[in-house]
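The next block is coords-v2.cif, given as mmCIF, C-alpha atoms and all ligand atoms.
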```
data_coords
#
loop_
_atom_site.label_atom_id
_atom_site.label_comp_id
_atom_site.auth_asym_id
_atom_site.auth_seq_id
_atom_site.Cartn_x
_atom_site.Cartn_y
_atom_site.Cartn_z
CA MET A 1 63.66 -253.70 82.29
CA LYS A 2 65.05 -253.05 85.75
CA LYS A 3 65.41 -249.35 86.41
CA ARG A 4 69.04 -248.47 87.08
CA LYS A 5 69.99 -246.76 90.29
CA GLU A 6 70.45 -243.03 90.33
CA ILE A 7 74.01 -241.79 89.84
CA ILE A 8 75.63 -239.54 92.41
CA ALA A 9 79.08 -238.08 91.81
CA PHE A 10 81.14 -236.55 94.61
CA ASP A 11 84.17 -234.35 94.69
CA VAL A 12 86.57 -235.54 97.42
CA ASP A 13 88.63 -232.74 99.01
CA GLY A 14 86.41 -230.31 100.87
CA VAL A 15 83.36 -232.56 100.43
CA ILE A 16 84.30 -235.91 101.97
CA PHE A 17 87.63 -235.15 103.60
CA ASP A 18 89.15 -232.05 105.03
CA SER A 19 92.60 -232.57 103.58
CA THR A 20 93.89 -229.07 104.25
CA GLU A 21 96.71 -230.31 106.49
CA GLU A 22 97.89 -232.90 104.00
CA CYS A 23 97.86 -230.50 101.08
CA LEU A 24 99.59 -227.84 103.18
CA VAL A 25 102.46 -230.21 103.96
CA ILE A 26 102.78 -231.70 100.48
CA ALA A 27 102.54 -228.31 98.74
CA TRP A 28 105.43 -227.05 100.86
CA ASN A 29 107.57 -230.14 100.27
CA ALA A 30 106.87 -230.00 96.53
CA HIS A 31 108.17 -226.44 96.44
CA GLN A 32 111.30 -227.54 98.31
CA GLU A 33 111.87 -230.20 95.66
CA LEU A 34 111.23 -227.68 92.90
CA ILE A 35 113.86 -225.24 94.17
CA GLY A 36 116.34 -228.01 95.03
CA LYS A 37 116.11 -227.58 98.80
CA ASP A 38 115.49 -230.10 101.51
CA GLU A 39 113.72 -228.25 104.29
CA LYS A 40 110.74 -230.57 104.26
CA ILE A 41 108.00 -230.75 106.86
CA SER A 42 105.85 -233.62 108.15
CA HIS A 43 103.15 -231.67 109.95
CA PRO A 44 101.49 -228.24 109.59
CA SER A 45 102.90 -227.22 112.99
CA GLU A 46 106.36 -227.19 111.39
CA ALA A 47 105.28 -224.72 108.71
CA LYS A 48 106.21 -221.04 108.88
CA GLU A 49 103.29 -218.97 110.09
CA ASP A 50 102.99 -216.80 107.00
CA TYR A 51 103.00 -219.90 104.78
CA ASP A 52 100.24 -221.50 106.83
CA GLN A 53 98.18 -218.33 106.58
CA LYS A 54 98.71 -217.85 102.85
CA PHE A 55 97.94 -221.49 102.18
CA ARG A 56 94.62 -221.37 104.02
CA SER A 57 93.60 -218.11 102.35
CA ILE A 58 93.78 -219.62 98.85
CA ARG A 59 93.00 -223.26 99.61
CA ASN A 60 89.59 -223.38 98.04
CA TYR A 61 90.48 -221.51 94.89
CA VAL A 62 92.90 -224.28 94.00
CA ARG A 63 91.48 -226.71 91.40
CA SER A 64 94.63 -228.65 90.60
CA MET A 65 97.94 -229.13 92.36
CA ASP A 66 99.93 -226.73 90.16
CA GLU A 67 97.76 -223.87 91.40
CA TYR A 68 99.40 -224.04 94.84
CA LEU A 69 102.27 -222.20 93.16
CA VAL A 70 100.31 -219.01 93.76
CA ILE A 71 101.40 -219.24 97.41
CA PHE A 72 105.07 -219.13 96.43
CA TYR A 73 105.11 -216.90 93.35
CA GLY A 74 101.90 -214.90 93.42
CA ASN A 75 101.55 -211.51 95.00
CA ILE A 76 98.35 -212.16 96.87
CA SER A 77 96.51 -209.91 99.27
CA GLU A 78 95.49 -211.00 102.75
CA ASN A 79 91.95 -211.88 101.76
CA PRO A 80 92.10 -212.84 98.12
CA ASP A 81 89.03 -213.59 96.04
CA GLN A 82 88.64 -215.63 92.86
CA LYS A 83 89.70 -212.69 90.67
CA ASP A 84 92.95 -212.04 92.60
CA PHE A 85 93.67 -215.72 92.50
CA GLU A 86 93.21 -216.00 88.71
CA LYS A 87 95.42 -212.97 88.16
CA CYS A 88 98.27 -214.46 90.20
CA LEU A 89 97.85 -217.79 88.51
CA ASP A 90 98.09 -216.27 85.03
CA SER A 91 101.43 -214.68 85.88
CA ILE A 92 103.06 -218.05 86.58
CA ASP A 93 104.93 -219.90 83.88
CA ASP A 94 103.19 -222.99 82.46
CA ASP A 95 106.35 -225.11 82.44
CA LEU A 96 106.88 -224.33 86.10
CA LYS A 97 103.32 -225.48 86.77
CA LYS A 98 104.03 -228.79 85.06
CA LEU A 99 107.24 -229.32 87.02
CA TYR A 100 105.51 -228.45 90.27
CA THR A 101 102.68 -230.91 89.62
CA LYS A 102 105.27 -233.63 89.18
CA SER A 103 107.01 -232.64 92.41
CA PHE A 104 103.66 -232.58 94.21
CA TYR A 105 102.85 -236.17 93.29
CA ASN A 106 106.45 -237.23 94.02
CA GLN A 107 106.30 -235.72 97.46
CA ARG A 108 102.93 -237.24 98.26
CA LYS A 109 104.25 -240.64 97.22
CA GLU A 110 107.40 -240.13 99.22
CA TYR A 111 105.47 -239.10 102.34
CA LYS A 112 103.10 -242.06 102.03
CA SER A 113 105.91 -244.55 101.67
CA ARG A 114 107.81 -242.99 104.58
CA SER A 115 104.94 -242.77 107.09
CA TYR A 116 101.64 -244.02 105.76
CA GLU A 117 99.72 -243.84 109.07
CA GLN A 118 100.86 -240.31 109.65
CA TRP A 119 99.79 -239.41 106.11
CA ILE A 120 96.32 -240.85 106.75
CA ARG A 121 96.05 -238.84 109.96
CA LEU A 122 96.43 -235.57 108.05
CA HIS A 123 92.91 -236.17 106.67
CA TYR A 124 89.64 -235.65 108.51
CA PRO A 125 86.33 -236.97 107.17
CA TYR A 126 83.49 -234.46 107.69
CA GLU A 127 81.01 -235.38 110.37
CA SER A 128 78.40 -237.92 109.21
CA ILE A 129 79.65 -237.89 105.61
CA LEU A 130 80.89 -241.49 105.81
CA GLU A 131 77.49 -242.82 106.89
CA ILE A 132 75.87 -240.87 104.06
CA LEU A 133 78.36 -242.33 101.58
CA GLU A 134 77.68 -245.83 102.87
CA LEU A 135 73.94 -245.40 102.45
CA CYS A 136 74.48 -243.79 99.09
CA SER A 137 76.63 -246.65 97.86
CA LYS A 138 73.88 -249.13 98.80
CA ARG A 139 70.93 -247.26 97.34
CA LYS A 140 72.54 -245.32 94.47
CA GLU A 141 75.52 -245.65 92.18
CA LEU A 142 78.42 -243.75 93.61
CA PHE A 143 81.21 -242.09 91.61
CA MET A 144 84.09 -239.80 92.58
CA VAL A 145 85.20 -236.96 90.34
CA THR A 146 88.24 -235.35 91.87
CA GLY A 147 91.47 -233.44 91.40
CA LYS A 148 93.09 -235.78 93.93
CA ASP A 149 94.97 -238.80 92.60
CA LYS A 150 92.89 -241.95 92.38
CA GLY A 151 95.33 -244.04 94.45
CA SER A 152 95.07 -241.66 97.40
CA VAL A 153 91.27 -241.54 97.21
CA LYS A 154 91.23 -245.34 97.29
CA ASP A 155 93.63 -245.43 100.23
CA LEU A 156 91.52 -242.98 102.22
CA LEU A 157 88.26 -244.79 101.48
CA ASP A 158 89.83 -248.14 102.35
CA TYR A 159 90.97 -246.75 105.65
CA PHE A 160 87.95 -244.68 106.69
CA ALA A 161 85.05 -246.31 104.88
CA SER A 162 85.89 -249.78 103.67
CA ASP A 163 82.18 -250.65 103.25
CA VAL A 164 81.59 -247.89 100.72
CA VAL A 165 81.40 -249.19 97.18
CA VAL A 166 82.54 -246.73 94.53
CA GLN A 167 81.81 -247.57 90.89
CA GLU A 168 84.68 -245.50 89.52
CA ILE A 169 87.04 -242.71 90.52
CA TYR A 170 87.90 -240.12 87.86
CA ASP A 171 91.00 -238.13 88.72
CA LYS A 172 93.13 -235.54 86.94
CA HIS A 173 95.12 -238.29 85.19
CA ALA A 174 92.00 -239.94 83.79
CA VAL A 175 90.22 -236.87 82.47
CA GLU A 176 91.16 -233.29 81.74
CA ASN A 177 88.32 -231.74 83.70
CA LYS A 178 85.26 -232.60 85.74
CA LEU A 179 82.78 -231.94 82.95
CA ILE A 180 84.46 -234.55 80.76
CA ALA A 181 84.28 -237.05 83.63
CA LEU A 182 80.58 -236.39 84.21
CA LYS A 183 79.80 -236.70 80.50
CA LYS A 184 81.72 -239.95 80.35
CA ILE A 185 79.78 -241.39 83.29
CA ALA A 186 76.47 -240.34 81.70
CA LEU A 187 77.44 -241.94 78.41
CA ASP A 188 78.77 -245.16 79.95
CA CYS A 189 75.70 -245.54 82.15
CA ASN A 190 73.31 -244.42 79.44
CA VAL A 191 71.56 -241.74 81.49
CA GLN A 192 70.56 -238.15 80.83
CA HIS A 193 72.73 -235.42 82.36
CA SER A 194 69.75 -234.18 84.36
CA GLU A 195 69.43 -237.60 86.00
CA MET A 196 72.89 -237.35 87.56
CA LYS A 197 73.80 -235.43 90.69
CA PHE A 198 77.19 -233.85 91.33
CA ILE A 199 78.41 -232.22 94.54
CA ASP A 200 81.54 -230.05 94.70
CA ASP A 201 82.80 -227.37 97.10
CA ASN A 202 84.48 -225.22 94.43
CA VAL A 203 81.85 -223.25 92.54
CA THR A 204 84.01 -222.89 89.43
CA HIS A 205 83.79 -226.66 88.94
CA LEU A 206 80.01 -226.37 88.73
CA PHE A 207 79.67 -223.74 85.98
CA GLU A 208 80.15 -226.06 83.02
CA PRO A 209 78.19 -229.00 84.48
CA GLN A 210 75.32 -226.57 85.16
CA LYS A 211 75.37 -225.37 81.53
CA ASN A 212 75.27 -229.03 80.50
CA GLU A 213 72.21 -229.67 82.65
CA PHE A 214 73.72 -231.86 85.31
CA ASN A 215 71.94 -231.68 88.65
CA ILE A 216 74.61 -229.88 90.66
CA ALA A 217 75.07 -228.45 94.16
CA LEU A 218 77.70 -226.57 96.12
CA ALA A 219 78.85 -228.16 99.39
CA GLU A 220 79.23 -225.43 101.97
CA TRP A 221 80.52 -227.53 104.87
CA GLY A 222 84.10 -227.76 103.67
CA TYR A 223 86.17 -224.81 102.59
CA ALA A 224 83.68 -223.03 100.34
CA MET A 225 84.71 -219.37 100.18
CA PRO A 226 82.25 -216.50 100.77
CA ASP A 227 82.64 -215.26 97.18
CA HIS A 228 81.89 -218.80 95.93
CA ILE A 229 78.69 -218.89 97.98
CA MET A 230 77.69 -215.50 96.53
CA GLU A 231 78.48 -216.70 93.02
CA ALA A 232 76.39 -219.85 93.57
CA LYS A 233 73.44 -217.72 94.69
CA LYS A 234 73.80 -215.50 91.63
CA ARG A 235 73.76 -218.51 89.33
CA ASN A 236 70.95 -220.38 91.09
CA ILE A 237 73.22 -223.18 92.18
CA PRO A 238 71.80 -224.94 95.26
CA ILE A 239 74.01 -224.54 98.35
CA LEU A 240 73.97 -227.52 100.67
CA SER A 241 74.76 -227.91 104.33
CA LEU A 242 75.58 -231.41 105.56
CA ASN A 243 71.99 -231.58 106.83
CA ASP A 244 70.64 -230.86 103.34
CA LEU A 245 72.81 -233.48 101.68
CA LYS A 246 70.66 -236.56 102.33
CA ASN A 247 67.67 -234.75 100.97
CA PHE A 248 69.48 -233.61 97.84
CA ILE A 249 70.72 -237.14 97.15
CA GLY A 250 67.30 -238.59 97.91
CA LEU A 251 68.27 -240.92 100.75
MG MG A 301 86.98 -229.82 96.44
#
```

I'd like the structure from this file rewritten - as structure tokens, please.
Amino acid sequence: MKKRKEIIAFDVDGVIFDSTEECLVIAWNAHQELIGKDEKISHPSEAKEDYDQKFRSIRNYVRSMDEYLVIFYGNISENPDQKDFEKCLDSIDDDLKKLYTKSFYNQRKEYKSRSYEQWIRLHYPYESILEILELCSKRKELFMVTGKDKGSVKDLLDYFASDVVVQEIYDKHAVENKLIALKKIALDCNVQHSEMKFIDDNVTHLFEPQKNEFNIALAEWGYAMPDHIMEAKKRNIPILSLNDLKNFIGL
């Protein structure tokens, strides 16, 4: 029987694309929608300075769109860590989180339909990552497991890397969390967890996959926070630079 290709699963934001600017703009506009105001922005340069600063300080703690609410309703310090972030997040009402998630996707859709090219230009692929993905899609089986919506991931890949073949994209709508997505891929492809590799820049997304014996690594080239790097070291999670990535994947 022909041996199947090795499976590599990638997170998207902070691993393939720096989407900080896009998320900064959409998170602001979603809050405007939520509070019934119309002071929307199209570019980070239009954002208030303290918003820009707050946004960047919590960017990598955010696992799903509703968690951006911490910027607007949380009492966060200047240099928050994971603990501060969780505390703020807990204090925010769950119904508000649901409403905000809806507004976030509405606003992204609205922005894309208004100025698609400008939306694309708020994303920056990390240096050399697209070539690695292209190689990876030829020699391995490539999956995306992401908190970003599938449509946007497709749009970005079509624009920046149309030669890259992705087997499947699992987003927040498809599965509740990343572990479920990874398990589903393993089951569908009939491989052991330890035969699959998964790369994410948010260490909290790696805890459960590690317990479940997936071959995981933390990407440090995106917005990995210092306390996430420390946590990865403590838990023996490999920390990859872009230079290490090819090696880890086995390209
Ligand atoms: Mg990420």

Kindly provide the residues of chain A that approach ligand MG 301 (chain A) to within 12 Å, each paired with its closest atom pair and their distance in Å to one decimal, based on all atoms listed in the file, listed by chain and increasing number, as CSV.
```
residue,atom,partner,partner_atom,distance
A:Phe10,CA,A:MG301,MG,9.1
A:Asp11,CA,A:MG301,MG,5.6
A:Val12,CA,A:MG301,MG,5.8
A:Asp13,CA,A:MG301,MG,4.2
A:Gly14,CA,A:MG301,MG,4.5
A:Val15,CA,A:MG301,MG,6.0
A:Ile16,CA,A:MG301,MG,8.7
A:Phe17,CA,A:MG301,MG,8.9
A:Asp18,CA,A:MG301,MG,9.1
A:Ser19,CA,A:MG301,MG,9.5
A:Thr20,CA,A:MG301,MG,10.5
A:Cys23,CA,A:MG301,MG,11.8
A:Arg59,CA,A:MG301,MG,9.5
A:Asn60,CA,A:MG301,MG,7.1
A:Tyr61,CA,A:MG301,MG,9.1
A:Val62,CA,A:MG301,MG,8.5
A:Arg63,CA,A:MG301,MG,7.4
A:Ser64,CA,A:MG301,MG,9.7
A:Met65,CA,A:MG301,MG,11.7
A:Met144,CA,A:MG301,MG,11.1
A:Val145,CA,A:MG301,MG,9.6
A:Thr146,CA,A:MG301,MG,7.3
A:Gly147,CA,A:MG301,MG,7.7
A:Lys148,CA,A:MG301,MG,8.9
A:Lys178,CA,A:MG301,MG,11.2
A:Phe198,CA,A:MG301,MG,11.8
A:Ile199,CA,A:MG301,MG,9.1
A:Asp200,CA,A:MG301,MG,5.7
A:Asp201,CA,A:MG301,MG,4.9
A:Asn202,CA,A:MG301,MG,5.6
A:Val203,CA,A:MG301,MG,9.2
A:Thr204,CA,A:MG301,MG,10.3
A:His205,CA,A:MG301,MG,8.7
A:Leu206,CA,A:MG301,MG,11.0
A:Leu218,CA,A:MG301,MG,9.8
A:Ala219,CA,A:MG301,MG,8.8
A:Glu220,CA,A:MG301,MG,10.5
A:Trp221,CA,A:MG301,MG,10.9
A:Gly222,CA,A:MG301,MG,8.1
A:Tyr223,CA,A:MG301,MG,8.0
A:Ala224,CA,A:MG301,MG,8.5
A:Met225,CA,A:MG301,MG,11.3
```

Test item: residues at most 12 Å from segment 111-116 of chain A, all atoms listed in the file, excluding those fewer than 6 positions along its chain, as a PyMOL selection string:
chain A and resi 22-23+25-27+29-30+40-43+103-105+122-123+151-152+155-156+159

Since we have the selection now, will you write its residues out, keeping C-alpha atoms, as a PDB file, keeping the file's coordinate frame?
```pdb
ATOM      1  CA  GLU A  22      97.890-232.900 104.000  1.00  0.00           C
ATOM      2  CA  CYS A  23      97.860-230.500 101.080  1.00  0.00           C
ATOM      3  CA  VAL A  25     102.460-230.210 103.960  1.00  0.00           C
ATOM      4  CA  ILE A  26     102.780-231.700 100.480  1.00  0.00           C
ATOM      5  CA  ALA A  27     102.540-228.310  98.740  1.00  0.00           C
ATOM      6  CA  ASN A  29     107.570-230.140 100.270  1.00  0.00           C
ATOM      7  CA  ALA A  30     106.870-230.000  96.530  1.00  0.00           C
ATOM      8  CA  LYS A  40     110.740-230.570 104.260  1.00  0.00           C
ATOM      9  CA  ILE A  41     108.000-230.750 106.860  1.00  0.00           C
ATOM     10  CA  SER A  42     105.850-233.620 108.150  1.00  0.00           C
ATOM     11  CA  HIS A  43     103.150-231.670 109.950  1.00  0.00           C
ATOM     12  CA  SER A 103     107.010-232.640  92.410  1.00  0.00           C
ATOM     13  CA  PHE A 104     103.660-232.580  94.210  1.00  0.00           C
ATOM     14  CA  TYR A 105     102.850-236.170  93.290  1.00  0.00           C
ATOM     15  CA  LEU A 122      96.430-235.570 108.050  1.00  0.00           C
ATOM     16  CA  HIS A 123      92.910-236.170 106.670  1.00  0.00           C
ATOM     17  CA  GLY A 151      95.330-244.040  94.450  1.00  0.00           C
ATOM     18  CA  SER A 152      95.070-241.660  97.400  1.00  0.00           C
ATOM     19  CA  ASP A 155      93.630-245.430 100.230  1.00  0.00           C
ATOM     20  CA  LEU A 156      91.520-242.980 102.220  1.00  0.00           C
ATOM     21  CA  TYR A 159      90.970-246.750 105.650  1.00  0.00           C
TER      22      TYR A 159
END
```

Give me, as a PyMOL selection string, all polymer residues having an atom no more than 9 Å from segment 71-82 of chain A, counting all atoms listed in the file and skipping those fewer than 2 positions away in the same chain.
chain A and resi 31+51+53-55+57-58+61+67-69+84-89+91-92+225-228

If you measure from atom CA of Lys48 of chain A to atom CA of Asn106 of chain A, what distance in Å do you get, rounded to one decimal?
22.0 Å

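Pairwise distance (atom CA of Leu242 of chain A, atom CA of Asn212 of chain A) equals 25.2 Å.
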
Report as a short mmCIF file (atom, residue, chain, number, x, y, z; two decimals) with C-alpha atoms, in the coordinates of the input all protein, DNA and RNA residues lying within 7 Å of Lys197 of chain A, evaluated on only C-alpha atoms, omitting residues in the same chain fewer than 3 positions from it.
```cif
data_model
loop_
_atom_site.label_atom_id
_atom_site.label_comp_id
_atom_site.auth_asym_id
_atom_site.auth_seq_id
_atom_site.Cartn_x
_atom_site.Cartn_y
_atom_site.Cartn_z
CA ILE A 7 74.01 -241.79 89.84
CA ILE A 8 75.63 -239.54 92.41
CA ALA A 9 79.08 -238.08 91.81
CA PHE A 214 73.72 -231.86 85.31
CA ASN A 215 71.94 -231.68 88.65
CA ILE A 216 74.61 -229.88 90.66
#
```

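Note that the spacing between atom CA of Leu179 of chain A and atom CA of Pro209 of chain A amounts to 5.7 Å.
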
Do a neighbour search on Lys140 of chain A at 10 Å with all atoms listed in the file, toss out local chain neighbours closer than 5 positions, and write the hits as JSON, numbers by chain.
{"A": [4, 5, 6, 7, 8, 133, 134, 135, 249, 250, 251]}
